[in-house]
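Quick look at entry.txt (compact mmCIF, C-alpha atoms):
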```txt
# COMPACT_ATOMS: atom_id res chain seq x y z
CA MET A 1 156.75 40.57 115.18
CA ALA A 2 160.40 41.29 116.10
CA ALA A 3 161.52 39.65 112.86
CA GLY A 4 159.01 41.83 111.01
CA ASN A 5 160.36 45.02 112.61
CA LEU A 6 163.90 43.96 111.82
CA SER A 7 163.08 43.34 108.17
CA ILE A 8 161.34 46.75 108.00
CA GLN A 9 164.48 48.34 109.44
CA TYR A 10 166.76 46.61 106.94
CA SER A 11 164.40 47.38 104.06
CA GLU A 12 164.34 51.03 105.11
CA ARG A 13 168.11 51.22 105.21
CA ILE A 14 168.40 49.75 101.72
CA TYR A 15 165.69 52.05 100.37
CA ASN A 16 167.29 55.06 102.07
CA ALA A 17 170.60 54.22 100.36
CA LEU A 18 168.84 53.82 97.01
CA LEU A 19 167.25 57.26 97.38
CA SER A 20 170.70 58.74 96.84
CA LEU A 21 170.26 57.88 93.15
CA TYR A 22 167.77 60.74 92.79
CA PRO A 23 168.98 64.26 91.94
CA PHE A 24 170.16 66.26 94.95
CA GLN A 25 167.38 68.88 94.96
CA PHE A 26 164.66 66.24 94.59
CA ARG A 27 166.21 64.18 97.38
CA VAL A 28 166.42 67.12 99.78
CA ARG A 29 162.78 67.99 99.23
CA PHE A 30 161.11 64.56 99.04
CA ALA A 31 163.37 61.85 100.50
CA PRO A 32 161.96 62.01 104.09
CA GLU A 33 158.40 61.74 102.77
CA MET A 34 159.32 58.94 100.37
CA LEU A 35 160.99 57.04 103.18
CA GLN A 36 157.90 57.49 105.37
CA LEU A 37 155.70 56.28 102.51
CA PHE A 38 157.97 53.31 101.95
CA ARG A 39 157.79 52.48 105.69
CA ASP A 40 153.98 52.56 105.61
CA CYS A 41 153.83 50.38 102.49
CA CYS A 42 156.38 47.98 103.93
CA ARG A 43 154.33 47.61 107.11
CA ASP A 44 151.21 46.98 105.00
CA ALA A 45 153.00 44.26 103.04
CA LEU A 46 154.31 42.60 106.21
CA GLU A 47 150.92 42.71 107.91
CA LYS A 48 149.60 40.48 105.15
CA GLY A 49 152.19 38.04 106.46
CA GLN A 50 153.24 36.34 103.24
CA VAL A 51 156.77 36.31 101.92
CA ALA A 52 155.45 36.43 98.34
CA ILE A 53 153.67 39.74 99.06
CA VAL A 54 156.83 41.29 100.49
CA VAL A 55 158.84 40.08 97.49
CA ALA A 56 156.19 41.44 95.10
CA PHE A 57 156.27 44.75 96.99
CA TRP A 58 160.06 44.99 96.63
CA LEU A 59 159.81 44.20 92.91
CA CYS A 60 157.27 47.00 92.46
CA VAL A 61 159.43 49.42 94.46
CA THR A 62 162.55 48.53 92.43
CA ARG A 63 160.72 49.01 89.13
CA ASP A 64 159.27 52.32 90.33
CA LEU A 65 162.70 53.42 91.51
CA CYS A 66 164.42 52.62 88.19
CA PHE A 67 161.84 54.49 86.09
CA SER A 68 161.48 57.47 88.41
CA VAL A 69 165.25 57.92 88.88
CA LEU A 70 165.71 58.01 85.10
CA ARG A 71 162.79 60.42 84.74
CA GLU A 72 164.02 62.79 87.45
CA ARG A 73 167.62 62.66 86.19
CA GLY A 74 166.36 63.42 82.67
CA ARG A 75 164.28 66.29 84.00
CA GLU A 76 167.26 67.67 85.84
CA LEU A 77 169.44 67.41 82.74
CA MET A 78 166.86 69.14 80.54
CA GLY A 79 166.25 71.89 83.12
CA PRO A 80 167.80 75.36 83.02
CA VAL A 81 171.58 75.46 83.42
CA GLY A 82 172.41 76.86 86.85
CA ALA A 83 174.99 76.34 89.54
CA GLU A 84 173.36 73.02 90.56
CA HIS A 85 173.02 71.67 87.00
CA PRO A 86 174.75 68.29 86.43
CA LEU A 87 176.60 69.73 83.41
CA VAL A 88 178.42 72.09 85.78
CA GLY A 89 179.48 69.04 87.79
CA ILE A 90 180.76 67.34 84.63
CA VAL A 91 182.71 70.47 83.69
CA ASP A 92 184.18 70.51 87.22
CA LEU A 93 185.16 66.88 86.83
CA LEU A 94 186.77 67.40 83.40
CA LEU A 95 188.52 70.62 84.38
CA ILE A 96 191.58 68.99 85.97
CA PRO A 97 192.38 66.35 83.31
CA SER A 98 191.76 68.82 80.47
CA MET A 99 194.09 71.41 81.98
CA VAL A 100 196.80 68.80 82.56
CA THR A 101 196.47 67.46 79.01
CA ALA A 102 196.56 70.97 77.54
CA ASN A 103 199.73 71.66 79.51
CA LEU A 104 201.46 68.51 78.44
CA VAL A 105 200.61 69.02 74.80
CA ALA A 106 201.26 72.70 74.41
CA LEU A 107 202.57 74.76 77.30
CA GLY A 108 205.74 72.76 78.12
CA PRO A 109 207.27 72.90 74.62
CA ILE A 110 206.16 76.51 74.13
CA LEU A 111 207.81 77.63 77.36
CA THR A 112 210.99 75.70 76.49
CA LEU A 113 211.15 77.41 73.11
CA LEU A 114 210.61 80.82 74.68
CA ILE A 115 213.17 80.40 77.43
CA ARG A 116 215.95 78.31 75.83
CA GLY A 117 215.56 79.30 72.18
CA SER A 118 214.70 76.95 69.31
CA ALA A 119 217.84 76.20 67.30
CA LYS A 120 220.50 75.67 69.96
CA LEU A 121 218.87 72.91 71.97
CA PRO A 122 219.38 69.19 71.12
CA LEU A 123 216.20 67.09 70.91
CA ASP A 124 216.73 65.04 74.09
CA GLN A 125 217.32 68.19 76.18
CA PHE A 126 214.34 69.87 74.57
CA VAL A 127 212.13 66.92 75.55
CA MET A 128 213.51 66.86 79.11
CA THR A 129 213.07 70.63 79.62
CA SER A 130 209.58 70.74 78.14
CA GLY A 131 208.66 67.70 80.25
CA PHE A 132 209.86 69.52 83.37
CA PHE A 133 207.85 72.64 82.51
CA SER A 134 204.79 70.53 81.70
CA LEU A 135 205.00 68.77 85.04
CA ALA A 136 205.51 71.99 87.00
CA ILE A 137 202.68 73.88 85.31
CA GLY A 138 200.46 70.78 85.35
CA THR A 139 200.92 70.49 89.13
CA LEU A 140 200.05 74.16 89.57
CA ALA A 141 196.98 73.70 87.36
CA VAL A 142 195.81 70.68 89.37
CA VAL A 143 196.21 72.59 92.65
CA ALA A 144 194.40 75.63 91.21
CA SER A 145 191.47 73.62 89.85
CA VAL A 146 191.11 71.68 93.11
CA VAL A 147 191.02 74.96 95.03
CA ILE A 148 188.48 76.43 92.58
CA THR A 149 186.27 73.32 92.76
CA LYS A 150 186.41 73.28 96.56
CA LEU A 151 185.78 77.00 96.88
CA ARG A 152 182.81 77.07 94.48
CA PRO A 153 180.15 75.92 97.03
CA THR A 154 181.51 78.35 99.64
CA VAL A 155 181.34 81.22 97.16
CA ARG A 156 177.79 80.20 96.17
CA LEU A 157 176.75 80.12 99.82
CA TRP A 158 178.40 83.46 100.46
CA VAL A 159 176.64 85.03 97.45
CA LYS A 160 173.31 83.53 98.60
CA LEU A 161 173.74 84.83 102.15
CA SER A 162 174.89 88.28 101.12
CA GLY A 163 172.19 88.54 98.41
CA MET B 1 145.27 78.72 80.67
CA ALA B 2 144.07 75.41 82.16
CA LYS B 3 144.07 73.77 78.73
CA ASN B 4 147.83 74.34 78.42
CA PHE B 5 148.34 71.52 80.93
CA LEU B 6 146.29 68.94 79.00
CA PRO B 7 146.37 66.02 78.50
CA LEU B 8 147.29 64.88 81.99
CA THR B 9 149.04 61.60 82.68
CA PRO B 10 146.89 58.99 84.47
CA ALA B 11 148.96 59.37 87.66
CA VAL B 12 148.55 63.15 87.72
CA PHE B 13 144.84 62.92 86.91
CA HIS B 14 144.26 60.45 89.75
CA ILE B 15 146.21 62.60 92.21
CA LEU B 16 144.16 65.68 91.30
CA VAL B 17 140.91 63.69 91.64
CA THR B 18 142.02 62.47 95.07
CA LEU B 19 142.89 65.99 96.21
CA ALA B 20 139.58 67.33 94.91
CA ASP B 21 137.95 65.65 97.93
CA GLY B 22 140.27 67.40 100.39
CA GLU B 23 143.88 67.59 101.40
CA ALA B 24 145.90 64.42 101.80
CA HIS B 25 149.41 63.15 102.45
CA GLY B 26 151.38 60.82 100.18
CA TYR B 27 150.29 57.53 101.72
CA ALA B 28 146.62 58.54 101.72
CA MET B 29 146.92 59.59 98.07
CA MET B 30 148.52 56.29 97.11
CA GLN B 31 145.80 54.28 98.87
CA GLU B 32 143.00 56.39 97.45
CA VAL B 33 144.33 56.20 93.88
CA ALA B 34 144.57 52.40 94.14
CA ARG B 35 141.02 52.24 95.56
CA ARG B 36 139.47 54.58 92.99
CA SER B 37 141.12 52.87 90.05
CA GLY B 38 140.15 49.42 91.31
CA GLY B 39 143.84 48.56 91.72
CA THR B 40 144.74 49.27 88.08
CA VAL B 41 146.81 52.37 88.92
CA ARG B 42 149.37 51.74 91.64
CA LEU B 43 151.73 54.59 92.34
CA GLY B 44 155.15 53.82 93.79
CA PRO B 45 156.89 56.42 95.98
CA GLY B 46 159.09 57.63 93.08
CA THR B 47 156.22 58.05 90.64
CA LEU B 48 154.00 59.69 93.26
CA TYR B 49 156.56 62.24 94.44
CA GLY B 50 157.79 62.87 90.89
CA ALA B 51 154.22 63.81 89.96
CA ILE B 52 153.80 65.87 93.16
CA SER B 53 157.04 67.71 92.36
CA ARG B 54 155.77 68.68 88.90
CA LEU B 55 152.33 69.63 90.24
CA LEU B 56 153.91 71.89 92.86
CA GLU B 57 156.12 73.47 90.21
CA ASP B 58 153.10 74.14 87.97
CA GLU B 59 151.17 75.43 90.99
CA LEU B 60 148.35 72.95 90.47
CA ILE B 61 148.70 71.81 94.08
CA GLU B 62 150.21 73.40 97.18
CA GLU B 63 151.46 72.26 100.52
CA SER B 64 149.01 72.71 103.32
CA GLU B 65 150.06 74.03 106.72
CA GLU B 66 146.94 72.74 108.43
CA ARG B 67 146.79 69.25 109.88
CA PRO B 68 143.34 67.66 109.49
CA ASP B 69 143.58 65.50 112.62
CA PRO B 70 146.29 66.68 115.06
CA ASP B 71 145.90 63.68 117.42
CA MET B 72 146.38 61.09 114.71
CA ASP B 73 148.89 63.11 112.74
CA ASP B 74 152.52 62.23 112.17
CA SER B 75 154.55 65.45 112.12
CA ARG B 76 156.82 64.07 109.39
CA ARG B 77 153.95 63.90 106.92
CA ARG B 78 153.24 66.76 104.58
CA TYR B 79 149.74 67.46 103.34
CA TYR B 80 148.86 68.73 99.88
CA ARG B 81 145.76 70.42 98.53
CA LEU B 82 144.41 71.50 95.18
CA THR B 83 144.88 75.12 94.07
CA LYS B 84 142.30 77.09 92.11
CA LEU B 85 144.29 76.48 88.92
CA GLY B 86 144.53 72.78 89.79
CA GLY B 87 140.74 72.64 90.08
CA GLN B 88 140.35 74.30 86.69
CA VAL B 89 142.82 71.88 85.09
CA LEU B 90 141.01 68.91 86.64
CA ALA B 91 137.67 70.20 85.34
CA ALA B 92 139.13 70.76 81.85
CA GLU B 93 140.67 67.29 81.74
CA THR B 94 137.44 65.68 82.96
CA GLU B 95 135.56 67.47 80.22
CA ARG B 96 138.13 66.37 77.62
CA LEU B 97 137.88 62.75 78.74
CA ALA B 98 134.08 62.91 78.79
CA ASP B 99 134.11 64.20 75.19
CA LEU B 100 136.42 61.35 74.21
CA VAL B 101 134.17 58.76 75.85
CA LYS B 102 131.13 60.32 74.20
CA ALA B 103 132.85 60.16 70.80
CA ALA B 104 133.89 56.55 71.37
CA ARG B 105 130.39 55.52 72.47
CA SER B 106 128.89 57.01 69.35
CA THR B 107 130.81 54.55 67.17
CA LYS B 108 129.08 51.37 66.01
CA VAL B 109 131.76 49.04 67.31
CA VAL B 110 131.62 50.32 70.89
CA ARG B 111 127.80 50.37 70.92
CA LYS B 112 127.70 46.70 69.92
CA LEU B 113 130.39 45.56 72.35
CA LYS B 114 129.91 45.07 76.05
CA PRO B 115 132.82 45.09 78.50
CA ALA B 116 134.11 41.60 79.31
```

I need this file expressed as structure tokens, please.
Amino acid sequence: MAAGNLSIQYSERIYNALLSLYPFQFRVRFAPEMLQLFRDCCRDALEKGQVAIVVAFWLCVTRDLCFSVLRERGRELMGPVGAEHPLVGIVDLLLIPSMVTANLVALGPILTLLIRGSAKLPLDQFVMTSGFFSLAIGTLAVVASVVITKLRPTVRLWVKLSG
Amino acid sequence: MAKNFLPLTPAVFHILVTLADGEAHGYAMMQEVARRSGGTVRLGPGTLYGAISRLLEDELIEESEERPDPDMDDSRRRYYRLTKLGGQVLAAETERLADLVKAARSTKVVRKLKPA
């Protein structure tokens, strides 16, 4: 019986970790109930007392998990674009590298041309100066986008509370 | 209005049929669906709560505040019940399936055959 309880506990922990694959909103709403349901089903399978039944149960749960995670993720992706939409998360993620790349490609040389003039500067100095500007502005951009990304949930919460 | 939701998936249809008899929580629904379908439809937690999520969104079911048996109840469980619209959709789907069965039975092949 103790071994049974222990295996239920371990199974629950694994299943609880796997629930994090579902979209955030779905998880917040249904994860406690799903875990309770899993616990009940797990107990049922163990009461039958055969290892094969427990293994079959886990296979069914894994299959169900794979299909339902894909379905819920798809549903989330096809849903209306809001603050919680995964596309917003992707944009957040791409914001920093895209800003850095844009800086390195364009802003450094442009600033060098504006400040030092085009004709007088030798090529090696031009590259060094534009590299310096790129690095400086790139660092500022990274800091700014990190601050924006970190502040976004706070602003959302503030808007929600004040609204 | 109810016909806009048709056809229902087997999982959703079975859930609505189960809730037509009264409110139930997830585990009870899962057991009842397996029993009614003779074990052919087995809903996993993900499929069941995915379907419940859509049904709640479409307002075909709602969460119930009442607890049928307070002594036996686990406070973590949530109970669901059919809404008026859910009942109408279930009736419409049942009618649609009955028409389909009727049409199939009227064919020569089905009349001659008997289930194995």

Report, in Å to a single decimal, how far apart atom CA of A:Asp64 and atom CA of B:Gly46 are.
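Here the two named atoms are 6.0 Å from each other.
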
At a cut-off of 9 Å from (159.4, 63.7, 105.2) in the coordinates of the file, what residues are picked up using only C-alpha atoms, written as JSON, numbers by chain?
{"A": [29, 30, 31, 32, 33, 34, 35, 36, 37], "B": [75, 76, 77, 78]}

Using all atoms listed in the file, give me every residue within 8 Å of (155.6, 45.4, 103.6) in file coordinates, as JSON, numbers by chain.
{"A": [8, 39, 40, 41, 42, 43, 44, 45, 46, 47, 48, 53, 54, 57]}

May I ask for the distance between atom CA of A:Asp124 and atom CA of A:Gly138, given in Å to one decimal place?
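Taking atom CA of A:Asp124 and atom CA of A:Gly138, their separation equals 20.6 Å.
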
Find the nearest atom pair between each residue of chain B and chain A for residues within 6 Å, count all atoms listed in the file, give distances in Å to one decimal, sort rows by chain and ascending number, and present the table as JSON lines.
```
{"residue": "B:Tyr27", "atom": "CA", "partner": "A:Leu37", "partner_atom": "CA", "distance": 5.6}
{"residue": "B:Gly44", "atom": "CA", "partner": "A:Asp64", "partner_atom": "CA", "distance": 5.6}
{"residue": "B:Pro45", "atom": "CA", "partner": "A:Met34", "partner_atom": "CA", "distance": 5.6}
{"residue": "B:Gly46", "atom": "CA", "partner": "A:Ser68", "partner_atom": "CA", "distance": 5.2}
{"residue": "B:Thr47", "atom": "CA", "partner": "A:Ser68", "partner_atom": "CA", "distance": 5.7}
```

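The nearest approach to B:Ile61 among the residues B:Arg111, B:Thr18, B:Arg42, B:Ala34, with only C-alpha atoms taken into account, belongs to B:Thr18.
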
Which residues come within 8 Å of A:Thr112, counting all atoms listed in the file, excluding same-chain residues fewer than 5 positions away, as a short mmCIF file (atom, residue, chain, number, x, y, z; two decimals) with C-alpha atoms, in the coordinates of the input?
```
data_model
loop_
_atom_site.label_atom_id
_atom_site.label_comp_id
_atom_site.auth_asym_id
_atom_site.auth_seq_id
_atom_site.Cartn_x
_atom_site.Cartn_y
_atom_site.Cartn_z
CA GLY A 117 215.56 79.30 72.18
CA PHE A 126 214.34 69.87 74.57
CA THR A 129 213.07 70.63 79.62
CA SER A 130 209.58 70.74 78.14
CA PHE A 133 207.85 72.64 82.51
#
```

Enter the distance from atom CA of A:Val51 to atom CA of A:Glu12, in Å, rounded to one decimal.
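Going from atom CA of A:Val51 over to atom CA of A:Glu12, I get 16.9 Å.
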
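Using all atoms listed in the file, the shortest contact distance between A:Leu70 and any of B:Leu100, B:Gly50, B:Ala92, B:Gly26 is found at B:Gly50.
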
Put the listed atoms of stretch 14-32 of chain B in a box along x, y and z with 4 Å added on every side and give me the centre and edge lengths in Å to one decimal, as JSON.
```
{"center_x": 144.7, "center_y": 60.9, "center_z": 96.1, "size_x": 21.4, "size_y": 21.3, "size_z": 20.7}
```

Nearest to A:Ala136 by atom-to-atom distance, counting all atoms listed in the file, from A:Tyr15, A:Val155, A:Ser7, A:Gly108:
A:Gly108

Residues near stretch 81-84 of chain B, cut-off 6 Å, all atoms listed in the file, skip fewer than 5 positions along chain, as a list of chain:residue names:
B:Leu19, B:Glu23, B:Leu60, B:Ile61, B:Glu62
